[in-house]
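Trainee: So here's protein_39.pdb (PDB, C-alpha atoms, pLDDT in the B column).
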```pdb
ATOM      1  CA  MET A   1       0.000   0.000   0.000  1.00 56.00           C
ATOM      2  CA  ASN A   2       1.424   3.383  -0.972  1.00 65.00           C
ATOM      3  CA  GLY A   3       1.412   6.445   1.277  1.00 59.00           C
ATOM      4  CA  LEU A   4      -1.695   8.025  -0.260  1.00 53.00           C
ATOM      5  CA  GLU A   5      -3.709   4.806   0.043  1.00 70.00           C
ATOM      6  CA  SER A   6      -2.612   4.525   3.669  1.00 68.00           C
ATOM      7  CA  LEU A   7      -3.696   8.121   4.365  1.00 63.00           C
ATOM      8  CA  TYR A   8      -7.055   7.498   2.697  1.00 70.00           C
ATOM      9  CA  GLN A   9      -7.563   4.334   4.720  1.00 85.00           C
ATOM     10  CA  GLU A  10      -6.817   6.288   7.921  1.00 87.00           C
ATOM     11  CA  LEU A  11      -9.315   8.996   6.941  1.00 88.00           C
ATOM     12  CA  ILE A  12     -12.030   6.395   6.333  1.00 90.00           C
ATOM     13  CA  LEU A  13     -11.370   4.723   9.664  1.00 90.00           C
ATOM     14  CA  ASP A  14     -11.255   8.074  11.480  1.00 92.00           C
ATOM     15  CA  HIS A  15     -14.611   9.159  10.054  1.00 93.00           C
ATOM     16  CA  SER A  16     -16.206   5.816  10.890  1.00 90.00           C
ATOM     17  CA  LYS A  17     -14.928   5.974  14.487  1.00 92.00           C
ATOM     18  CA  ARG A  18     -15.565   9.703  15.071  1.00 94.00           C
ATOM     19  CA  PRO A  19     -18.405  10.591  12.695  1.00 96.00           C
ATOM     20  CA  HIS A  20     -19.539  14.114  11.832  1.00 95.00           C
ATOM     21  CA  GLY A  21     -23.256  14.829  11.887  1.00 96.00           C
ATOM     22  CA  LYS A  22     -24.231  11.552  13.526  1.00 97.00           C
ATOM     23  CA  GLY A  23     -27.409  11.825  15.556  1.00 96.00           C
ATOM     24  CA  LEU A  24     -30.589  13.014  13.875  1.00 95.00           C
ATOM     25  CA  ALA A  25     -31.558  16.621  14.567  1.00 91.00           C
ATOM     26  CA  ASP A  26     -35.123  17.320  15.637  1.00 88.00           C
ATOM     27  CA  GLU A  27     -37.543  17.679  12.753  1.00 82.00           C
ATOM     28  CA  ALA A  28     -39.049  20.845  14.207  1.00 72.00           C
ATOM     29  CA  ALA A  29     -36.967  23.865  13.287  1.00 55.00           C
ATOM     30  CA  GLU A  30     -35.996  26.411  15.886  1.00 47.00           C
ATOM     31  CA  GLY A  31     -38.049  29.579  16.014  1.00 45.00           C
ATOM     32  CA  GLY A  32     -41.131  28.466  14.113  1.00 48.00           C
ATOM     33  CA  ASP A  33     -42.819  25.894  11.983  1.00 50.00           C
ATOM     34  CA  GLN A  34     -40.504  25.121   9.107  1.00 50.00           C
ATOM     35  CA  ALA A  35     -41.170  21.392   8.979  1.00 51.00           C
ATOM     36  CA  SER A  36     -41.816  21.635   5.238  1.00 61.00           C
ATOM     37  CA  ARG A  37     -38.120  22.509   4.793  1.00 92.00           C
ATOM     38  CA  VAL A  38     -36.931  19.456   6.698  1.00 96.00           C
ATOM     39  CA  ALA A  39     -36.931  16.020   5.111  1.00 96.00           C
ATOM     40  CA  THR A  40     -35.718  12.599   6.151  1.00 97.00           C
ATOM     41  CA  SER A  41     -34.703   9.694   3.944  1.00 98.00           C
ATOM     42  CA  TYR A  42     -34.126   6.101   4.982  1.00 98.00           C
ATOM     43  CA  GLN A  43     -31.965   3.967   2.689  1.00 98.00           C
ATOM     44  CA  ARG A  44     -30.792   0.387   3.009  1.00 97.00           C
ATOM     45  CA  ASN A  45     -28.282  -1.616   1.031  1.00 94.00           C
ATOM     46  CA  PRO A  46     -29.954  -5.038   0.723  1.00 92.00           C
ATOM     47  CA  ILE A  47     -26.715  -6.695  -0.347  1.00 90.00           C
ATOM     48  CA  CYS A  48     -24.788  -6.044   2.871  1.00 90.00           C
ATOM     49  CA  GLY A  49     -27.392  -4.656   5.266  1.00 94.00           C
ATOM     50  CA  ASP A  50     -25.969  -1.123   5.648  1.00 96.00           C
ATOM     51  CA  GLU A  51     -28.681   1.315   6.748  1.00 97.00           C
ATOM     52  CA  ILE A  52     -28.884   5.068   7.020  1.00 98.00           C
ATOM     53  CA  THR A  53     -31.485   7.596   8.009  1.00 98.00           C
ATOM     54  CA  LEU A  54     -30.441  11.056   6.872  1.00 98.00           C
ATOM     55  CA  ARG A  55     -32.184  14.353   7.615  1.00 98.00           C
ATOM     56  CA  VAL A  56     -31.632  17.644   5.785  1.00 97.00           C
ATOM     57  CA  ARG A  57     -32.713  21.102   6.772  1.00 96.00           C
ATOM     58  CA  LEU A  58     -33.032  23.697   4.043  1.00 96.00           C
ATOM     59  CA  SER A  59     -33.191  27.469   4.433  1.00 94.00           C
ATOM     60  CA  ASP A  60     -36.645  29.069   4.753  1.00 92.00           C
ATOM     61  CA  ASP A  61     -36.706  29.806   1.023  1.00 93.00           C
ATOM     62  CA  GLY A  62     -35.382  26.328   0.146  1.00 93.00           C
ATOM     63  CA  THR A  63     -32.346  27.573  -1.771  1.00 94.00           C
ATOM     64  CA  THR A  64     -29.596  26.339   0.565  1.00 95.00           C
ATOM     65  CA  VAL A  65     -28.827  23.204   2.539  1.00 96.00           C
ATOM     66  CA  ASP A  66     -28.291  24.369   6.100  1.00 94.00           C
ATOM     67  CA  GLU A  67     -27.783  21.089   7.943  1.00 95.00           C
ATOM     68  CA  VAL A  68     -27.289  17.375   7.424  1.00 96.00           C
ATOM     69  CA  THR A  69     -27.603  14.890  10.265  1.00 97.00           C
ATOM     70  CA  TRP A  70     -27.813  11.135  10.115  1.00 98.00           C
ATOM     71  CA  ASP A  71     -27.899   7.890  11.984  1.00 98.00           C
ATOM     72  CA  GLY A  72     -27.088   4.454  10.714  1.00 97.00           C
ATOM     73  CA  ALA A  73     -25.306   1.175  10.987  1.00 96.00           C
ATOM     74  CA  GLY A  74     -23.065  -0.672   8.629  1.00 95.00           C
ATOM     75  CA  CYS A  75     -19.551  -1.076   7.365  1.00 93.00           C
ATOM     76  CA  SER A  76     -16.832   1.512   7.883  1.00 93.00           C
ATOM     77  CA  ILE A  77     -17.163   2.708   4.271  1.00 94.00           C
ATOM     78  CA  SER A  78     -20.889   3.490   4.559  1.00 96.00           C
ATOM     79  CA  GLN A  79     -20.461   5.175   7.938  1.00 96.00           C
ATOM     80  CA  ALA A  80     -17.391   7.150   6.848  1.00 96.00           C
ATOM     81  CA  SER A  81     -19.130   8.263   3.664  1.00 97.00           C
ATOM     82  CA  ALA A  82     -22.084   9.648   5.660  1.00 98.00           C
ATOM     83  CA  SER A  83     -19.680  11.428   8.005  1.00 97.00           C
ATOM     84  CA  MET A  84     -17.683  12.882   5.120  1.00 96.00           C
ATOM     85  CA  LEU A  85     -20.853  14.155   3.439  1.00 97.00           C
ATOM     86  CA  ALA A  86     -22.051  15.794   6.671  1.00 97.00           C
ATOM     87  CA  ALA A  87     -18.616  17.366   7.218  1.00 96.00           C
ATOM     88  CA  LEU A  88     -18.591  18.724   3.667  1.00 95.00           C
ATOM     89  CA  ILE A  89     -21.990  20.391   4.138  1.00 94.00           C
ATOM     90  CA  GLU A  90     -20.958  21.625   7.594  1.00 92.00           C
ATOM     91  CA  GLU A  91     -17.764  23.225   6.210  1.00 92.00           C
ATOM     92  CA  GLU A  92     -19.736  25.084   3.558  1.00 85.00           C
ATOM     93  CA  GLU A  93     -22.235  26.261   6.222  1.00 83.00           C
ATOM     94  CA  ARG A  94     -24.981  27.079   3.719  1.00 88.00           C
ATOM     95  CA  MET A  95     -24.508  25.104   0.534  1.00 94.00           C
ATOM     96  CA  PRO A  96     -26.636  26.229  -2.413  1.00 95.00           C
ATOM     97  CA  ARG A  97     -29.114  23.517  -3.365  1.00 94.00           C
ATOM     98  CA  ALA A  98     -27.850  23.463  -6.963  1.00 94.00           C
ATOM     99  CA  GLU A  99     -24.274  22.964  -5.745  1.00 95.00           C
ATOM    100  CA  ALA A 100     -25.430  20.092  -3.521  1.00 95.00           C
ATOM    101  CA  SER A 101     -27.020  18.429  -6.540  1.00 95.00           C
ATOM    102  CA  GLU A 102     -23.825  18.827  -8.580  1.00 96.00           C
ATOM    103  CA  LEU A 103     -21.828  17.371  -5.691  1.00 96.00           C
ATOM    104  CA  VAL A 104     -23.959  14.213  -5.641  1.00 97.00           C
ATOM    105  CA  ASP A 105     -23.759  13.884  -9.431  1.00 98.00           C
ATOM    106  CA  GLY A 106     -19.957  14.229  -9.385  1.00 97.00           C
ATOM    107  CA  PHE A 107     -19.621  11.736  -6.541  1.00 98.00           C
ATOM    108  CA  ARG A 108     -21.837   9.222  -8.365  1.00 98.00           C
ATOM    109  CA  GLU A 109     -19.908   9.646 -11.622  1.00 97.00           C
ATOM    110  CA  ALA A 110     -16.543   9.081  -9.922  1.00 97.00           C
ATOM    111  CA  LEU A 111     -17.734   6.047  -7.984  1.00 96.00           C
ATOM    112  CA  ARG A 112     -19.175   4.454 -11.110  1.00 95.00           C
ATOM    113  CA  SER A 113     -15.970   5.080 -13.094  1.00 96.00           C
ATOM    114  CA  ARG A 114     -14.173   1.944 -11.871  1.00 94.00           C
ATOM    115  CA  GLY A 115     -11.152   4.007 -10.913  1.00 91.00           C
ATOM    116  CA  GLU A 116     -11.011   6.167 -14.040  1.00 95.00           C
ATOM    117  CA  ILE A 117     -12.172   9.378 -12.312  1.00 95.00           C
ATOM    118  CA  ALA A 118     -10.686  10.490  -9.007  1.00 94.00           C
ATOM    119  CA  LEU A 119     -12.625  12.735  -6.650  1.00 95.00           C
ATOM    120  CA  ASP A 120     -11.075  16.205  -6.383  1.00 96.00           C
ATOM    121  CA  GLU A 121     -10.045  16.932  -2.794  1.00 94.00           C
ATOM    122  CA  GLU A 122     -10.694  20.668  -3.332  1.00 95.00           C
ATOM    123  CA  VAL A 123     -14.350  19.900  -4.112  1.00 95.00           C
ATOM    124  CA  PHE A 124     -15.054  16.762  -2.072  1.00 96.00           C
ATOM    125  CA  GLY A 125     -12.774  17.270   0.938  1.00 94.00           C
ATOM    126  CA  ASP A 126     -12.174  14.080   2.911  1.00 94.00           C
ATOM    127  CA  ALA A 127     -14.683  12.242   0.677  1.00 95.00           C
ATOM    128  CA  ALA A 128     -11.930  12.183  -1.971  1.00 94.00           C
ATOM    129  CA  ALA A 129     -10.541   9.299   0.099  1.00 93.00           C
ATOM    130  CA  LEU A 130     -13.402   7.190  -1.238  1.00 94.00           C
ATOM    131  CA  SER A 131     -12.107   7.385  -4.826  1.00 92.00           C
ATOM    132  CA  GLY A 132     -10.488   3.959  -4.503  1.00 90.00           C
ATOM    133  CA  VAL A 133     -13.841   2.367  -3.665  1.00 91.00           C
ATOM    134  CA  SER A 134     -14.819   2.741  -7.330  1.00 92.00           C
ATOM    135  CA  LYS A 135     -12.479  -0.142  -8.177  1.00 91.00           C
ATOM    136  CA  PHE A 136     -14.591  -2.483  -6.026  1.00 90.00           C
ATOM    137  CA  THR A 137     -18.098  -2.554  -7.463  1.00 88.00           C
ATOM    138  CA  ALA A 138     -19.521  -4.422  -4.464  1.00 88.00           C
ATOM    139  CA  ARG A 139     -18.470  -1.498  -2.203  1.00 92.00           C
ATOM    140  CA  VAL A 140     -19.775   1.334  -4.396  1.00 95.00           C
ATOM    141  CA  LYS A 141     -23.285   0.977  -2.961  1.00 95.00           C
ATOM    142  CA  CYS A 142     -21.825   1.211   0.543  1.00 95.00           C
ATOM    143  CA  ALA A 143     -20.160   4.522  -0.268  1.00 96.00           C
ATOM    144  CA  MET A 144     -23.188   5.838  -2.191  1.00 97.00           C
ATOM    145  CA  LEU A 145     -25.795   5.063   0.482  1.00 98.00           C
ATOM    146  CA  ALA A 146     -25.630   8.390   2.363  1.00 98.00           C
ATOM    147  CA  TRP A 147     -25.362  10.362  -0.877  1.00 98.00           C
ATOM    148  CA  VAL A 148     -28.507   8.696  -2.256  1.00 98.00           C
ATOM    149  CA  ALA A 149     -30.304   9.448   1.023  1.00 98.00           C
ATOM    150  CA  PHE A 150     -29.081  13.057   0.834  1.00 98.00           C
ATOM    151  CA  GLU A 151     -30.266  13.442  -2.756  1.00 98.00           C
ATOM    152  CA  ASP A 152     -33.669  11.970  -1.855  1.00 98.00           C
ATOM    153  CA  ALA A 153     -34.111  14.140   1.244  1.00 97.00           C
ATOM    154  CA  VAL A 154     -33.127  17.350  -0.552  1.00 96.00           C
ATOM    155  CA  SER A 155     -35.591  16.622  -3.360  1.00 95.00           C
ATOM    156  CA  ARG A 156     -38.406  16.149  -0.825  1.00 92.00           C
ATOM    157  CA  ALA A 157     -37.600  19.063   1.512  1.00 88.00           C
TER     158      ALA A 157
END
```
Show me this structure written as structure tokens.
Mentor:
Amino acid sequence: MNGLESLYQELILDHSKRPHGKGLADEAAEGGDQASRVATSYQRNPICGDEITLRVRLSDDGTTVDEVTWDGAGCSISQASASMLAALIEEEERMPRAEASELVDGFREALRSRGEIALDEEVFGDAAALSGVSKFTARVKCAMLAWVAFEDAVSRA
């Protein structure tokens, strides 16, 4: 294993042991009734049993993703991927909805590339460590689980 692969493996393990955004936030928004801007998605990988429940909170006008929280169980890749996604949204603070959609599309494209497309660390942050997963088709669904839940929740919020 080369140095970069070792670093990526450490990042995955770190996120699975100390996850960002784990623990679902309350559905009721602070300061009023904004439940229509909060949506939850449950996704399960039937092949390996990974599960995730992910909740997004959008701004009042629905143009930005303000918060992502989640809870789940599964392999270190699925748990790390959810943590990395939550950290990415958290770093941005208020991510435009259109940018969030592009992020999911880019992540999906890279993971389906079978190693041909690497995730850009400038765009995907720690989630770039999941680039190598694309070489293992059985693990792609593990890494995609949180991102599919995110995409679903944002579309319904």
Trainee: Between A:Val38, A:Ala110, A:Leu103, A:Ile117, which is the closest to Val140 in chain A once you count only C-alpha atoms?
Mentor: A:Ala110
Trainee: Please identify all polymer residues within 8 Å of Asp126 in chain A, counting all atoms listed in the file, omitting same-chain residues fewer than 4 positions from it, and present them as an NGL selection string.
Mentor: :A and (11 or 84 or 88 or 121)
Trainee: Any chance you could export the current selection's C-alpha atoms as a PDB file, in the frame of the given file?
Mentor:
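Contents of selection_8.pdb, freshly written:
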```pdb
ATOM      1  CA  LEU A  11      -9.315   8.996   6.941  1.00 88.00           C
ATOM      2  CA  MET A  84     -17.683  12.882   5.120  1.00 96.00           C
ATOM      3  CA  LEU A  88     -18.591  18.724   3.667  1.00 95.00           C
ATOM      4  CA  GLU A 121     -10.045  16.932  -2.794  1.00 94.00           C
TER       5      GLU A 121
END
```
Trainee: Could you list, as a PyMOL selection string, every residue within 12 Å of Asp61 in chain A, counting all atoms listed in the file and ignoring same-chain residues fewer than 2 positions away?
Mentor: chain A and resi 34+36-38+57-59+63-66+96-97+157
Trainee: Quick one: residues within 10 Å of Arg44 in chain A, all atoms listed in the file counted, chain neighbours fewer than 3 positions away excluded, as a ChimeraX atom specification?
Mentor: /A:47-53,72-74,141-142,145-146,149
Trainee: Counting all atoms listed in the file, select every polymer residue within 10 Å of (-10.1, 1.3, -6.3) as defined in the file's coordinates, and provide the selection as a VMD selection string.
Mentor: chain A and resid 5 111 113 to 116 118 130 to 137 139 to 140
Trainee: On this structure, the PyMOL selection byres ((chain A and resi 18-22) around 12) would catch which residues? List them as a tab-separated table (two decimals) with C-alpha atoms, in the frame of the given file, sorted by chain and number.
Mentor:
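Final file, out-v8.tsv:
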```
chain	number	residue	atom	x	y	z
A	10	GLU	CA	-6.82	6.29	7.92
A	11	LEU	CA	-9.32	9.00	6.94
A	12	ILE	CA	-12.03	6.40	6.33
A	13	LEU	CA	-11.37	4.72	9.66
A	14	ASP	CA	-11.26	8.07	11.48
A	15	HIS	CA	-14.61	9.16	10.05
A	16	SER	CA	-16.21	5.82	10.89
A	17	LYS	CA	-14.93	5.97	14.49
A	23	GLY	CA	-27.41	11.82	15.56
A	24	LEU	CA	-30.59	13.01	13.88
A	25	ALA	CA	-31.56	16.62	14.57
A	52	ILE	CA	-28.88	5.07	7.02
A	53	THR	CA	-31.48	7.60	8.01
A	54	LEU	CA	-30.44	11.06	6.87
A	55	ARG	CA	-32.18	14.35	7.62
A	56	VAL	CA	-31.63	17.64	5.78
A	67	GLU	CA	-27.78	21.09	7.94
A	68	VAL	CA	-27.29	17.38	7.42
A	69	THR	CA	-27.60	14.89	10.26
A	70	TRP	CA	-27.81	11.14	10.12
A	71	ASP	CA	-27.90	7.89	11.98
A	72	GLY	CA	-27.09	4.45	10.71
A	73	ALA	CA	-25.31	1.18	10.99
A	76	SER	CA	-16.83	1.51	7.88
A	77	ILE	CA	-17.16	2.71	4.27
A	78	SER	CA	-20.89	3.49	4.56
A	79	GLN	CA	-20.46	5.18	7.94
A	80	ALA	CA	-17.39	7.15	6.85
A	81	SER	CA	-19.13	8.26	3.66
A	82	ALA	CA	-22.08	9.65	5.66
A	83	SER	CA	-19.68	11.43	8.01
A	84	MET	CA	-17.68	12.88	5.12
A	85	LEU	CA	-20.85	14.16	3.44
A	86	ALA	CA	-22.05	15.79	6.67
A	87	ALA	CA	-18.62	17.37	7.22
A	88	LEU	CA	-18.59	18.72	3.67
A	89	ILE	CA	-21.99	20.39	4.14
A	90	GLU	CA	-20.96	21.62	7.59
A	91	GLU	CA	-17.76	23.22	6.21
A	126	ASP	CA	-12.17	14.08	2.91
A	146	ALA	CA	-25.63	8.39	2.36
```
Trainee: How many Å separate CA of Ala138 in chain A from CA of Ser155 in chain A?
Mentor: 26.5 Å
Trainee: For each of A:Ser41, A:Ala127, A:Glu102, A:Cys75, take the minimum atom-to-atom distance to Phe150 in chain A, counting all atoms listed in the file, then give the residue where this is smallest.
Mentor: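 For Phe150 in chain A, the nearest of the given residues is A:Ser41.
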Trainee: To one decimal in Å, tell me the separation between CA of Met144 in chain A and CA of Val123 in chain A.
Mentor: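 Calculated distance between CA of Met144 in chain A and CA of Val123 in chain A is 16.7 Å.
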Trainee: Using all atoms listed in the file, pick whichever of A:Ala143, A:Ala28, A:Val154, A:Ala39 has the shortest atom-to-atom distance to Glu99 in chain A.
Mentor: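 Comparing A:Ala143, A:Ala28, A:Val154, A:Ala39 against Glu99 in chain A, the winner is A:Val154.
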Trainee: So the first atom is CA of Glu93 in chain A and the second is CA of Trp147 in chain A; what is the distance between them in Å, to one decimal place?
Mentor: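 Here the two named atoms are 17.7 Å from each other.
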Trainee: Looking at A:Tyr8, A:Asp60, A:Thr40, A:Val148, which one is nearest to Arg108 in chain A, with distances taken over only C-alpha atoms?
Mentor: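 Closest to Arg108 in chain A of all the choices is A:Val148.
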